[in-house]
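Raw final_1.json, JSON, C-alpha atoms:
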[["chain", "number", "residue", "atom", "x", "y", "z"],
["T", 1, "MET", "CA", 0.44, -7.10, -26.03],
["T", 2, "VAL", "CA", 3.46, -5.64, -24.25],
["T", 3, "GLU", "CA", 3.69, -6.59, -20.57],
["T", 4, "ARG", "CA", 5.77, -3.54, -19.63],
["T", 5, "ARG", "CA", 3.86, -0.69, -21.26],
["T", 6, "VAL", "CA", 2.59, 2.11, -19.06],
["T", 7, "VAL", "CA", 0.40, 5.17, -19.61],
["T", 8, "VAL", "CA", 1.47, 8.36, -17.78],
["T", 9, "THR", "CA", -0.89, 11.35, -17.65],
["T", 10, "GLY", "CA", 0.30, 14.90, -17.09],
["T", 11, "ALA", "CA", 3.48, 13.87, -18.87],
["T", 12, "SER", "CA", 4.49, 17.17, -20.44],
["T", 13, "SER", "CA", 6.46, 18.52, -17.45],
["T", 14, "GLY", "CA", 7.50, 18.02, -13.85],
["T", 15, "ILE", "CA", 6.92, 14.66, -12.19],
["T", 16, "GLY", "CA", 5.09, 13.29, -15.22],
["T", 17, "ALA", "CA", 7.96, 13.93, -17.63],
["T", 18, "ALA", "CA", 10.51, 12.63, -15.10],
["T", 19, "THR", "CA", 8.41, 9.48, -14.69],
["T", 20, "VAL", "CA", 8.33, 8.82, -18.43],
["T", 21, "ARG", "CA", 12.11, 9.23, -18.56],
["T", 22, "ARG", "CA", 12.63, 6.84, -15.64],
["T", 23, "PHE", "CA", 10.37, 4.16, -17.08],
["T", 24, "ALA", "CA", 12.20, 4.46, -20.40],
["T", 25, "GLU", "CA", 15.58, 4.11, -18.66],
["T", 26, "LEU", "CA", 14.42, 0.79, -17.20],
["T", 27, "GLY", "CA", 13.17, -0.59, -20.48],
["T", 28, "TRP", "CA", 9.45, 0.08, -20.21],
["T", 29, "GLN", "CA", 7.44, 1.21, -23.21],
["T", 30, "THR", "CA", 5.59, 4.38, -22.31],
["T", 31, "VAL", "CA", 2.56, 6.31, -23.49],
["T", 32, "ALA", "CA", 2.91, 9.99, -22.60],
["T", 33, "VAL", "CA", -0.43, 11.78, -22.23],
["T", 34, "ALA", "CA", -0.85, 15.54, -21.78],
["T", 35, "ARG", "CA", -2.47, 18.61, -23.32],
["T", 36, "ARG", "CA", 0.62, 20.33, -24.76],
["T", 37, "GLU", "CA", 1.60, 18.72, -28.03],
["T", 38, "ASP", "CA", 4.91, 20.53, -28.45],
["T", 39, "ARG", "CA", 6.23, 19.30, -25.11],
["T", 40, "LEU", "CA", 4.94, 15.79, -25.72],
["T", 41, "ARG", "CA", 6.67, 15.61, -29.08],
["T", 42, "ALA", "CA", 9.96, 16.72, -27.53],
["T", 43, "LEU", "CA", 9.61, 14.12, -24.74],
["T", 44, "ALA", "CA", 8.77, 11.42, -27.27],
["T", 45, "ALA", "CA", 11.83, 12.28, -29.34],
["T", 46, "GLU", "CA", 13.98, 12.03, -26.21],
["T", 47, "THR", "CA", 12.52, 8.84, -24.71],
["T", 48, "GLY", "CA", 10.77, 6.93, -27.47],
["T", 49, "ALA", "CA", 7.41, 7.41, -25.74],
["T", 50, "HIS", "CA", 4.18, 7.20, -27.71],
["T", 51, "PRO", "CA", 2.64, 10.69, -27.35],
["T", 52, "ILE", "CA", -1.11, 11.26, -27.12],
["T", 53, "VAL", "CA", -2.53, 14.76, -26.78],
["T", 54, "CYS", "CA", -5.43, 14.58, -24.35],
["T", 55, "ASP", "CA", -7.15, 16.74, -21.74],
["T", 56, "VAL", "CA", -8.14, 14.35, -18.93],
["T", 57, "THR", "CA", -11.15, 16.56, -18.09],
["T", 58, "ASP", "CA", -12.65, 15.93, -21.55],
["T", 59, "GLU", "CA", -14.45, 12.56, -21.65],
["T", 60, "ALA", "CA", -14.44, 12.34, -25.44],
["T", 61, "GLN", "CA", -10.69, 12.96, -25.60],
["T", 62, "VAL", "CA", -10.09, 10.38, -22.87],
["T", 63, "ALA", "CA", -12.15, 7.80, -24.76],
["T", 64, "ARG", "CA", -10.10, 8.43, -27.91],
["T", 65, "MET", "CA", -6.88, 8.19, -25.89],
["T", 66, "ALA", "CA", -7.90, 4.83, -24.42],
["T", 67, "ALA", "CA", -8.79, 3.51, -27.88],
["T", 68, "GLU", "CA", -5.41, 4.60, -29.22],
["T", 69, "VAL", "CA", -3.62, 2.91, -26.32],
["T", 70, "ALA", "CA", -5.53, -0.30, -27.00],
["T", 71, "GLY", "CA", -4.87, -0.10, -30.73],
["T", 72, "THR", "CA", -1.13, 0.50, -30.44],
["T", 73, "GLY", "CA", -0.14, -2.31, -28.10],
["T", 74, "GLY", "CA", -2.28, -1.96, -24.98],
["T", 75, "ALA", "CA", -0.89, -1.40, -21.51],
["T", 76, "THR", "CA", -0.39, -3.06, -18.15],
["T", 77, "GLY", "CA", 0.31, 0.12, -16.18],
["T", 78, "LEU", "CA", -1.33, 3.48, -15.52],
["T", 79, "VAL", "CA", 0.06, 6.48, -13.65],
["T", 80, "ASN", "CA", -2.61, 9.07, -12.90],
["T", 81, "ASN", "CA", -0.28, 12.03, -12.48],
["T", 82, "ALA", "CA", -2.30, 14.87, -14.06],
["T", 83, "GLY", "CA", -3.33, 17.38, -11.40],
["T", 84, "GLY", "CA", -2.62, 20.77, -9.95],
["T", 85, "ALA", "CA", -3.54, 23.49, -7.47],
["T", 86, "LEU", "CA", -5.07, 26.93, -7.90],
["T", 87, "GLY", "CA", -4.96, 29.65, -5.30],
["T", 88, "THR", "CA", -4.21, 29.90, -1.59],
["T", 89, "GLU", "CA", -7.37, 31.69, -0.50],
["T", 90, "SER", "CA", -9.35, 30.66, 2.57],
["T", 91, "VAL", "CA", -12.50, 28.57, 2.26],
["T", 92, "GLU", "CA", -14.46, 31.77, 2.84],
["T", 93, "SER", "CA", -12.80, 33.80, 0.09],
["T", 94, "ALA", "CA", -11.92, 31.11, -2.47],
["T", 95, "LEU", "CA", -13.34, 31.10, -5.98],
["T", 96, "ASN", "CA", -15.69, 28.25, -6.87],
["T", 97, "GLU", "CA", -14.22, 28.32, -10.37],
["T", 98, "ASP", "CA", -10.81, 27.37, -8.93],
["T", 99, "TRP", "CA", -12.30, 24.57, -6.80],
["T", 100, "ARG", "CA", -14.21, 23.19, -9.81],
["T", 101, "ARG", "CA", -11.07, 23.13, -11.90],
["T", 102, "MET", "CA", -9.10, 21.37, -9.15],
["T", 103, "PHE", "CA", -11.79, 18.72, -8.74],
["T", 104, "GLU", "CA", -12.13, 18.28, -12.49],
["T", 105, "VAL", "CA", -8.46, 17.46, -13.01],
["T", 106, "ASN", "CA", -7.46, 15.89, -9.67],
["T", 107, "VAL", "CA", -10.56, 13.77, -9.05],
["T", 108, "ILE", "CA", -12.98, 13.50, -11.96],
["T", 109, "GLY", "CA", -10.20, 13.35, -14.53],
["T", 110, "LEU", "CA", -8.51, 10.62, -12.51],
["T", 111, "ARG", "CA", -11.77, 8.65, -12.43],
["T", 112, "THR", "CA", -12.45, 9.18, -16.14],
["T", 113, "VAL", "CA", -9.00, 8.00, -17.20],
["T", 114, "THR", "CA", -9.09, 5.01, -14.84],
["T", 115, "ALA", "CA", -12.52, 3.90, -16.03],
["T", 116, "ALA", "CA", -11.52, 4.25, -19.69],
["T", 117, "LEU", "CA", -8.28, 2.30, -19.29],
["T", 118, "LEU", "CA", -9.41, -0.48, -16.94],
["T", 119, "PRO", "CA", -10.59, -2.66, -19.86],
["T", 120, "VAL", "CA", -7.18, -2.13, -21.51],
["T", 121, "LEU", "CA", -5.35, -3.07, -18.31],
["T", 122, "ARG", "CA", -7.52, -6.17, -17.86],
["T", 123, "ALA", "CA", -6.76, -7.19, -21.43],
["T", 124, "GLY", "CA", -3.06, -6.79, -20.68],
["T", 125, "ALA", "CA", -3.33, -8.96, -17.59],
["T", 126, "ARG", "CA", -5.25, -11.65, -19.52],
["T", 127, "ALA", "CA", -2.68, -11.63, -22.30],
["T", 128, "GLY", "CA", 0.06, -12.17, -19.74],
["T", 129, "ILE", "CA", -1.75, -15.17, -18.30],
["T", 130, "GLU", "CA", -2.35, -16.64, -21.75],
["T", 131, "ALA", "CA", 1.36, -16.29, -22.48],
["T", 132, "ASP", "CA", 2.18, -18.17, -19.26],
["T", 133, "GLY", "CA", 3.45, -14.97, -17.69],
["T", 134, "PRO", "CA", 2.50, -13.36, -14.39],
["T", 135, "GLY", "CA", -0.62, -11.72, -15.83],
["T", 136, "TRP", "CA", -0.91, -8.52, -13.81],
["T", 137, "ALA", "CA", -1.56, -4.80, -14.14],
["T", 138, "SER", "CA", -0.86, -1.74, -11.97],
["T", 139, "ILE", "CA", -2.51, 1.61, -11.28],
["T", 140, "LEU", "CA", -0.72, 4.31, -9.31],
["T", 141, "ASN", "CA", -2.42, 7.57, -8.37],
["T", 142, "LEU", "CA", -0.14, 10.51, -7.66],
["T", 143, "THR", "CA", -1.79, 12.43, -4.81],
["T", 144, "SER", "CA", -0.07, 14.61, -2.20],
["T", 145, "THR", "CA", 0.57, 14.93, 1.50],
["T", 146, "ALA", "CA", -2.09, 17.64, 1.12],
["T", 147, "GLY", "CA", -4.51, 14.73, 0.79],
["T", 148, "HIS", "CA", -3.58, 13.46, 4.23],
["T", 149, "SER", "CA", -3.02, 16.64, 6.27],
["T", 150, "ALA", "CA", -5.00, 19.86, 5.83],
["T", 151, "TYR", "CA", -3.41, 23.29, 6.11],
["T", 152, "PRO", "CA", -4.65, 26.90, 5.98],
["T", 153, "GLY", "CA", -4.84, 28.22, 2.44],
["T", 154, "GLY", "CA", -5.02, 24.71, 1.02],
["T", 155, "GLY", "CA", -8.79, 24.23, 1.20],
["T", 156, "GLY", "CA", -9.60, 23.41, -2.40],
["T", 157, "TYR", "CA", -6.41, 21.46, -3.04],
["T", 158, "ASN", "CA", -6.74, 19.62, 0.28],
["T", 159, "ALA", "CA", -10.30, 18.68, -0.58],
["T", 160, "ALA", "CA", -9.38, 17.47, -4.06],
["T", 161, "LYS", "CA", -6.41, 15.40, -2.93],
["T", 162, "TYR", "CA", -8.32, 13.93, 0.03],
["T", 163, "ALA", "CA", -10.94, 12.90, -2.54],
["T", 164, "ALA", "CA", -8.28, 11.37, -4.81],
["T", 165, "HIS", "CA", -6.98, 9.41, -1.80],
["T", 166, "ALA", "CA", -10.51, 8.15, -1.12],
["T", 167, "VAL", "CA", -11.03, 7.16, -4.76],
["T", 168, "THR", "CA", -7.79, 5.17, -4.62],
["T", 169, "GLU", "CA", -8.91, 3.27, -1.52],
["T", 170, "VAL", "CA", -12.35, 2.55, -2.99],
["T", 171, "LEU", "CA", -10.84, 1.36, -6.27],
["T", 172, "ARG", "CA", -8.57, -1.06, -4.42],
["T", 173, "LEU", "CA", -11.64, -2.55, -2.70],
["T", 174, "GLU", "CA", -13.61, -2.73, -5.93],
["T", 175, "LEU", "CA", -10.80, -4.54, -7.78],
["T", 176, "ALA", "CA", -10.21, -7.08, -5.02],
["T", 177, "GLY", "CA", -9.82, -10.52, -6.57],
["T", 178, "GLU", "CA", -8.36, -9.18, -9.83],
["T", 179, "PRO", "CA", -4.62, -9.16, -10.63],
["T", 180, "ILE", "CA", -4.55, -5.35, -10.58],
["T", 181, "ARG", "CA", -2.65, -3.59, -7.82],
["T", 182, "VAL", "CA", -3.75, -0.09, -6.86],
["T", 183, "MET", "CA", -1.13, 2.19, -5.34],
["T", 184, "GLU", "CA", -0.87, 5.77, -4.12],
["T", 185, "LEU", "CA", 2.18, 8.01, -3.97],
["T", 186, "ALA", "CA", 1.83, 11.17, -1.86],
["T", 187, "PRO", "CA", 4.77, 13.58, -2.20],
["T", 188, "GLY", "CA", 5.49, 16.50, 0.09],
["T", 189, "LEU", "CA", 7.55, 19.51, -0.98],
["T", 190, "VAL", "CA", 8.59, 19.03, -4.62],
["T", 191, "HIS", "CA", 10.15, 21.80, -6.68],
["T", 192, "THR", "CA", 8.83, 21.63, -10.22],
["T", 193, "GLU", "CA", 8.93, 24.30, -12.87],
["T", 194, "GLU", "CA", 5.19, 24.99, -12.87],
["T", 195, "PHE", "CA", 3.22, 23.71, -9.85],
["T", 196, "THR", "CA", 3.61, 26.60, -7.39],
["T", 197, "LEU", "CA", 3.89, 29.18, -10.17],
["T", 198, "ASN", "CA", 0.49, 28.09, -11.51],
["T", 199, "ARG", "CA", -0.97, 27.94, -8.02],
["T", 200, "LEU", "CA", 0.11, 31.53, -7.36],
["T", 201, "ARG", "CA", -1.14, 32.72, -10.74],
["T", 202, "GLY", "CA", 2.26, 33.47, -12.22],
["T", 203, "ASP", "CA", 3.79, 35.35, -9.26],
["T", 204, "ALA", "CA", 7.39, 34.13, -9.65],
["T", 205, "GLU", "CA", 8.69, 35.88, -6.53],
["T", 206, "ALA", "CA", 6.04, 34.35, -4.28],
["T", 207, "ALA", "CA", 6.42, 30.96, -5.98],
["T", 208, "ALA", "CA", 10.12, 30.85, -5.08],
["T", 209, "LYS", "CA", 9.59, 31.36, -1.34],
["T", 210, "PRO", "CA", 8.55, 27.80, -0.34],
["T", 211, "TYR", "CA", 11.87, 26.48, -1.67],
["T", 212, "GLN", "CA", 14.19, 29.02, -0.06],
["T", 213, "ASP", "CA", 16.83, 27.71, 2.37],
["T", 214, "VAL", "CA", 15.67, 24.11, 1.96],
["T", 215, "THR", "CA", 16.50, 21.22, -0.35],
["T", 216, "PRO", "CA", 13.14, 20.05, -1.70],
["T", 217, "LEU", "CA", 12.44, 16.91, -3.66],
["T", 218, "ALA", "CA", 13.10, 17.05, -7.38],
["T", 219, "PRO", "CA", 10.75, 15.43, -9.91],
["T", 220, "GLU", "CA", 13.43, 12.80, -10.52],
["T", 221, "ASP", "CA", 13.37, 11.83, -6.83],
["T", 222, "VAL", "CA", 9.65, 11.18, -7.00],
["T", 223, "ALA", "CA", 9.97, 9.34, -10.32],
["T", 224, "ARG", "CA", 12.54, 6.92, -8.91],
["T", 225, "VAL", "CA", 10.24, 5.96, -6.04],
["T", 226, "LEU", "CA", 7.17, 5.82, -8.28],
["T", 227, "VAL", "CA", 8.72, 3.57, -10.90],
["T", 228, "GLY", "CA", 10.25, 1.47, -8.14],
["T", 229, "ALA", "CA", 6.72, 0.57, -7.03],
["T", 230, "PHE", "CA", 6.01, -0.80, -10.51],
["T", 231, "GLU", "CA", 9.27, -2.73, -10.46],
["T", 232, "GLN", "CA", 8.27, -4.69, -7.35],
["T", 233, "PRO", "CA", 7.19, -8.33, -7.80],
["T", 234, "PRO", "CA", 3.57, -8.47, -9.04],
["T", 235, "HIS", "CA", 2.19, -9.69, -5.71],
["T", 236, "VAL", "CA", 3.64, -6.70, -3.83],
["T", 237, "ASN", "CA", 1.23, -3.78, -3.48],
["T", 238, "GLN", "CA", 2.59, -0.59, -1.93],
["T", 239, "ASP", "CA", -0.80, 0.77, -0.95],
["T", 240, "LEU", "CA", 0.45, 4.19, 0.20],
["T", 241, "ILE", "CA", 3.90, 5.71, -0.21],
["T", 242, "VAL", "CA", 4.65, 9.07, 1.41],
["T", 243, "ILE", "CA", 7.81, 10.83, 0.27],
["T", 244, "ARG", "CA", 9.17, 14.09, 1.67],
["T", 245, "PRO", "CA", 12.53, 15.86, 1.78],
["T", 246, "VAL", "CA", 14.40, 15.18, 5.01],
["T", 247, "ALA", "CA", 13.96, 18.82, 6.00],
["T", 248, "GLN", "CA", 10.16, 18.52, 5.92],
["T", 249, "SER", "CA", 8.80, 16.54, 8.85],
["T", 250, "SER", "CA", 5.14, 17.45, 8.17],
["T", 251, "VAL", "CA", 3.09, 19.88, 6.11],
["T", 252, "PHE", "CA", 3.53, 22.33, 9.01],
["T", 253, "HIS", "CA", 7.21, 21.74, 9.76],
["T", 254, "THR", "CA", 9.98, 22.47, 7.26],
["T", 255, "HIS", "CA", 13.47, 23.16, 8.55],
["T", 256, "ARG", "CA", 15.18, 25.97, 6.67],
["T", 257, "GLY", "CA", 18.92, 26.20, 6.64],
["T", 258, "PRO", "CA", 21.67, 23.58, 7.02],
["T", 259, "LEU", "CA", 20.84, 20.17, 8.48],
["T", 260, "VAL", "CA", 23.36, 19.73, 11.30],
["T", 261, "PRO", "CA", 23.85, 16.73, 13.62],
["T", 262, "LYS", "CA", 22.84, 17.56, 17.17],
["T", 263, "ALA", "CA", 25.77, 18.01, 19.53],
["T", 264, "GLU", "CA", 26.29, 15.23, 22.03],
["T", 265, "ALA", "CA", 25.11, 15.95, 25.55]]
Using structure tokens, write down the structure that the file contains.
Amino acid sequence: MVERRVVVTGASSGIGAATVRRFAELGWQTVAVARREDRLRALAAETGAHPIVCDVTDEAQVARMAAEVAGTGGATGLVNNAGGALGTESVESALNEDWRRMFEVNVIGLRTVTAALLPVLRAGARAGIEADGPGWASILNLTSTAGHSAYPGGGGYNAAKYAAHAVTEVLRLELAGEPIRVMELAPGLVHTEEFTLNRLRGDAEAAAKPYQDVTPLAPEDVARVLVGAFEQPPHVNQDLIVIRPVAQSSVFHTHRGPLVPKAEA
């Protein structure tokens, strides 16, 4: 059993891939989980990660993934990063198909993966105790500031990320008394290669607009904070971490243009 082995879902691009790279830089063994085998293989060749092709919305695939994790060294860490948004329509005009997909990946997939890997994480914690080590495990759910502040056009994504936030809080209560910390990281404006493009159904021009005249977070920024939470002493639980670019003071307020010190009165 390896004490510093972590499973990262949604690892084929964006924050997930950056997280795998950051863990690898700091000496963690990683299991990279995603649907796209070609990207996973490339990431594994770069980082030494153990790749597992898995759709987190498919219970049978998740069960096989958990068995493979257990059979190849176990784990003491889980990052539920797989997620995404579809559409910007109002609640009135949104498509139920889009809402179902967002709930499947952001909420039900998160629950399915967590339930499947909890026995593996417990085994990792027990092995640590038996080896006279700290004996602990960690779960971090990657949500969003959209799960803490609603905004027009975000209905389905807001609802899904609010639900993921609630699941995280419930899980922390349910695991009270066990050496398993449960954490949440909620990023604001992050520029990844696919998130907004997928949300806007491939409209590249529209997808570029949220990032104009502003310096957003990069996936690597989020990964540094995320992995830093795992690097804390085992008794330290960062329940909720919110990370935004300096230019974004809320989901409704993003300063565009240079950031300039205010002139003295």
Leaving out segment 158-170 of chain T and any residue of its chain fewer than 3 positions from it, which residues lie within 8 Å of it when counting only C-alpha atoms, given as number ranges by chain? T: 102-103, 106-107, 110-111, 141, 143-144, 146-151, 154-155, 173-174, 182-184
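Of the residues under consideration (T:Ala204, T:Val113, T:Ala218, T:Ala186), T:Ala218 shows the shortest atom-to-atom contact distance to Gly14 of chain T when counting all atoms listed in the file.
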Which of these, T:Glu178, T:Glu231, T:Asp213, T:Glu104, has the shortest distance to Arg126 of chain T once you count all atoms listed in the file? T:Glu178
Please report the interatomic distance between atom CA of Thr215 of chain T and atom CA of Phe23 of chain T in Å with one decimal.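 For atom CA of Thr215 of chain T relative to atom CA of Phe23 of chain T, the distance reads 24.7 Å.
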Using all atoms listed in the file, can you tell me which of T:Ala44, T:Gly153, T:Thr9, T:His50 comes closest to Ser93 of chain T?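 Ranked by minimum distance to Ser93 of chain T, first place goes to T:Gly153.
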What does the distance between atom CA of Arg224 of chain T and atom CA of Gly84 of chain T come to in Å, to one decimal place?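 Separating atom CA of Arg224 of chain T from atom CA of Gly84 of chain T is a distance of 20.6 Å.
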Could you check which of T:Asn80, T:Thr47, T:Asn198, T:Ser250 is closest to Ser138 of chain T, using only C-alpha atoms?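 Nearest candidate to Ser138 of chain T out of T:Asn80, T:Thr47, T:Asn198, T:Ser250: T:Asn80.
We find atom CA of Gly128 of chain T and atom CA of Glu3 of chain T to be spaced 6.7 Å apart.
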I'd like the neighbourhood of Leu140 of chain T as a count of residues only, where a residue qualifies if any of its atoms comes within 10 Å (using only C-alpha atoms), though same-chain residues fewer than 5 positions away should be ignored. 19
If we draw a sphere of 12 Å around (-9.3, 3.1, -27.3), which residues have at least one atom in it when counting only C-alpha atoms? Please report them as a PyMOL selection string. chain T and resi 52+60-75+113+115-121
Shortest interatomic distance to His255 of chain T - which of T:Leu189, T:Cys54, T:Leu200, T:Leu142, counting all atoms listed in the file: T:Leu189
Contacts of Arg35 of chain T at 9 Å or less, counting only C-alpha atoms, minus same-chain residues fewer than 3 places along, as a compact mmCIF listing (two decimals) with C-alpha atoms, keeping the file's coordinate frame?
# COMPACT_ATOMS: atom_id res chain seq x y z
CA GLY T 10 0.30 14.90 -17.09
CA ALA T 11 3.48 13.87 -18.87
CA SER T 12 4.49 17.17 -20.44
CA ARG T 39 6.23 19.30 -25.11
CA LEU T 40 4.94 15.79 -25.72
CA ILE T 52 -1.11 11.26 -27.12
CA VAL T 53 -2.53 14.76 -26.78
CA CYS T 54 -5.43 14.58 -24.35
CA ASP T 55 -7.15 16.74 -21.74
CA VAL T 56 -8.14 14.35 -18.93
Taking (10.5, 14.0, 2.6) in the coordinates of the supplied file, I want to know which residues reach to within 8 Å of it, counting only C-alpha atoms; could you give the answer as JSON, numbers by chain? {"T": [187, 188, 189, 216, 217, 242, 243, 244, 245, 246, 247, 248, 249]}
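Between Ser90 of chain T and the candidates T:Pro152, T:Gly135, T:Thr57, T:Arg172, the tightest atom-to-atom separation, counting only C-alpha atoms, involves T:Pro152.
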Box time for segment 101-114 of chain T: axis-aligned, enclosing all its listed atoms, 6 Å extra on each side; report centre and edge lengths in Å to one decimal, as AutoDock Vina command-line options.
--center_x -10.2 --center_y 14.1 --center_z -13.0 --size_x 17.5 --size_y 30.1 --size_z 20.5
Extract, using all atoms listed in the file, all DNA, RNA and protein residues at most 9 Å from Ile180 of chain T, discarding same-chain residues fewer than 6 positions from it, and format them as a PDB file with C-alpha atoms, keeping the file's coordinate frame.
ATOM      1  CA  THR T  76      -0.390  -3.060 -18.150  1.00  0.00           C
ATOM      2  CA  LEU T 121      -5.350  -3.070 -18.310  1.00  0.00           C
ATOM      3  CA  ARG T 122      -7.520  -6.170 -17.860  1.00  0.00           C
ATOM      4  CA  ALA T 125      -3.330  -8.960 -17.590  1.00  0.00           C
ATOM      5  CA  TRP T 136      -0.910  -8.520 -13.810  1.00  0.00           C
ATOM      6  CA  ALA T 137      -1.560  -4.800 -14.140  1.00  0.00           C
ATOM      7  CA  SER T 138      -0.860  -1.740 -11.970  1.00  0.00           C
ATOM      8  CA  ILE T 139      -2.510   1.610 -11.280  1.00  0.00           C
ATOM      9  CA  ARG T 172      -8.570  -1.060  -4.420  1.00  0.00           C
ATOM     10  CA  PRO T 234       3.570  -8.470  -9.040  1.00  0.00           C
TER      11      PRO T 234
END
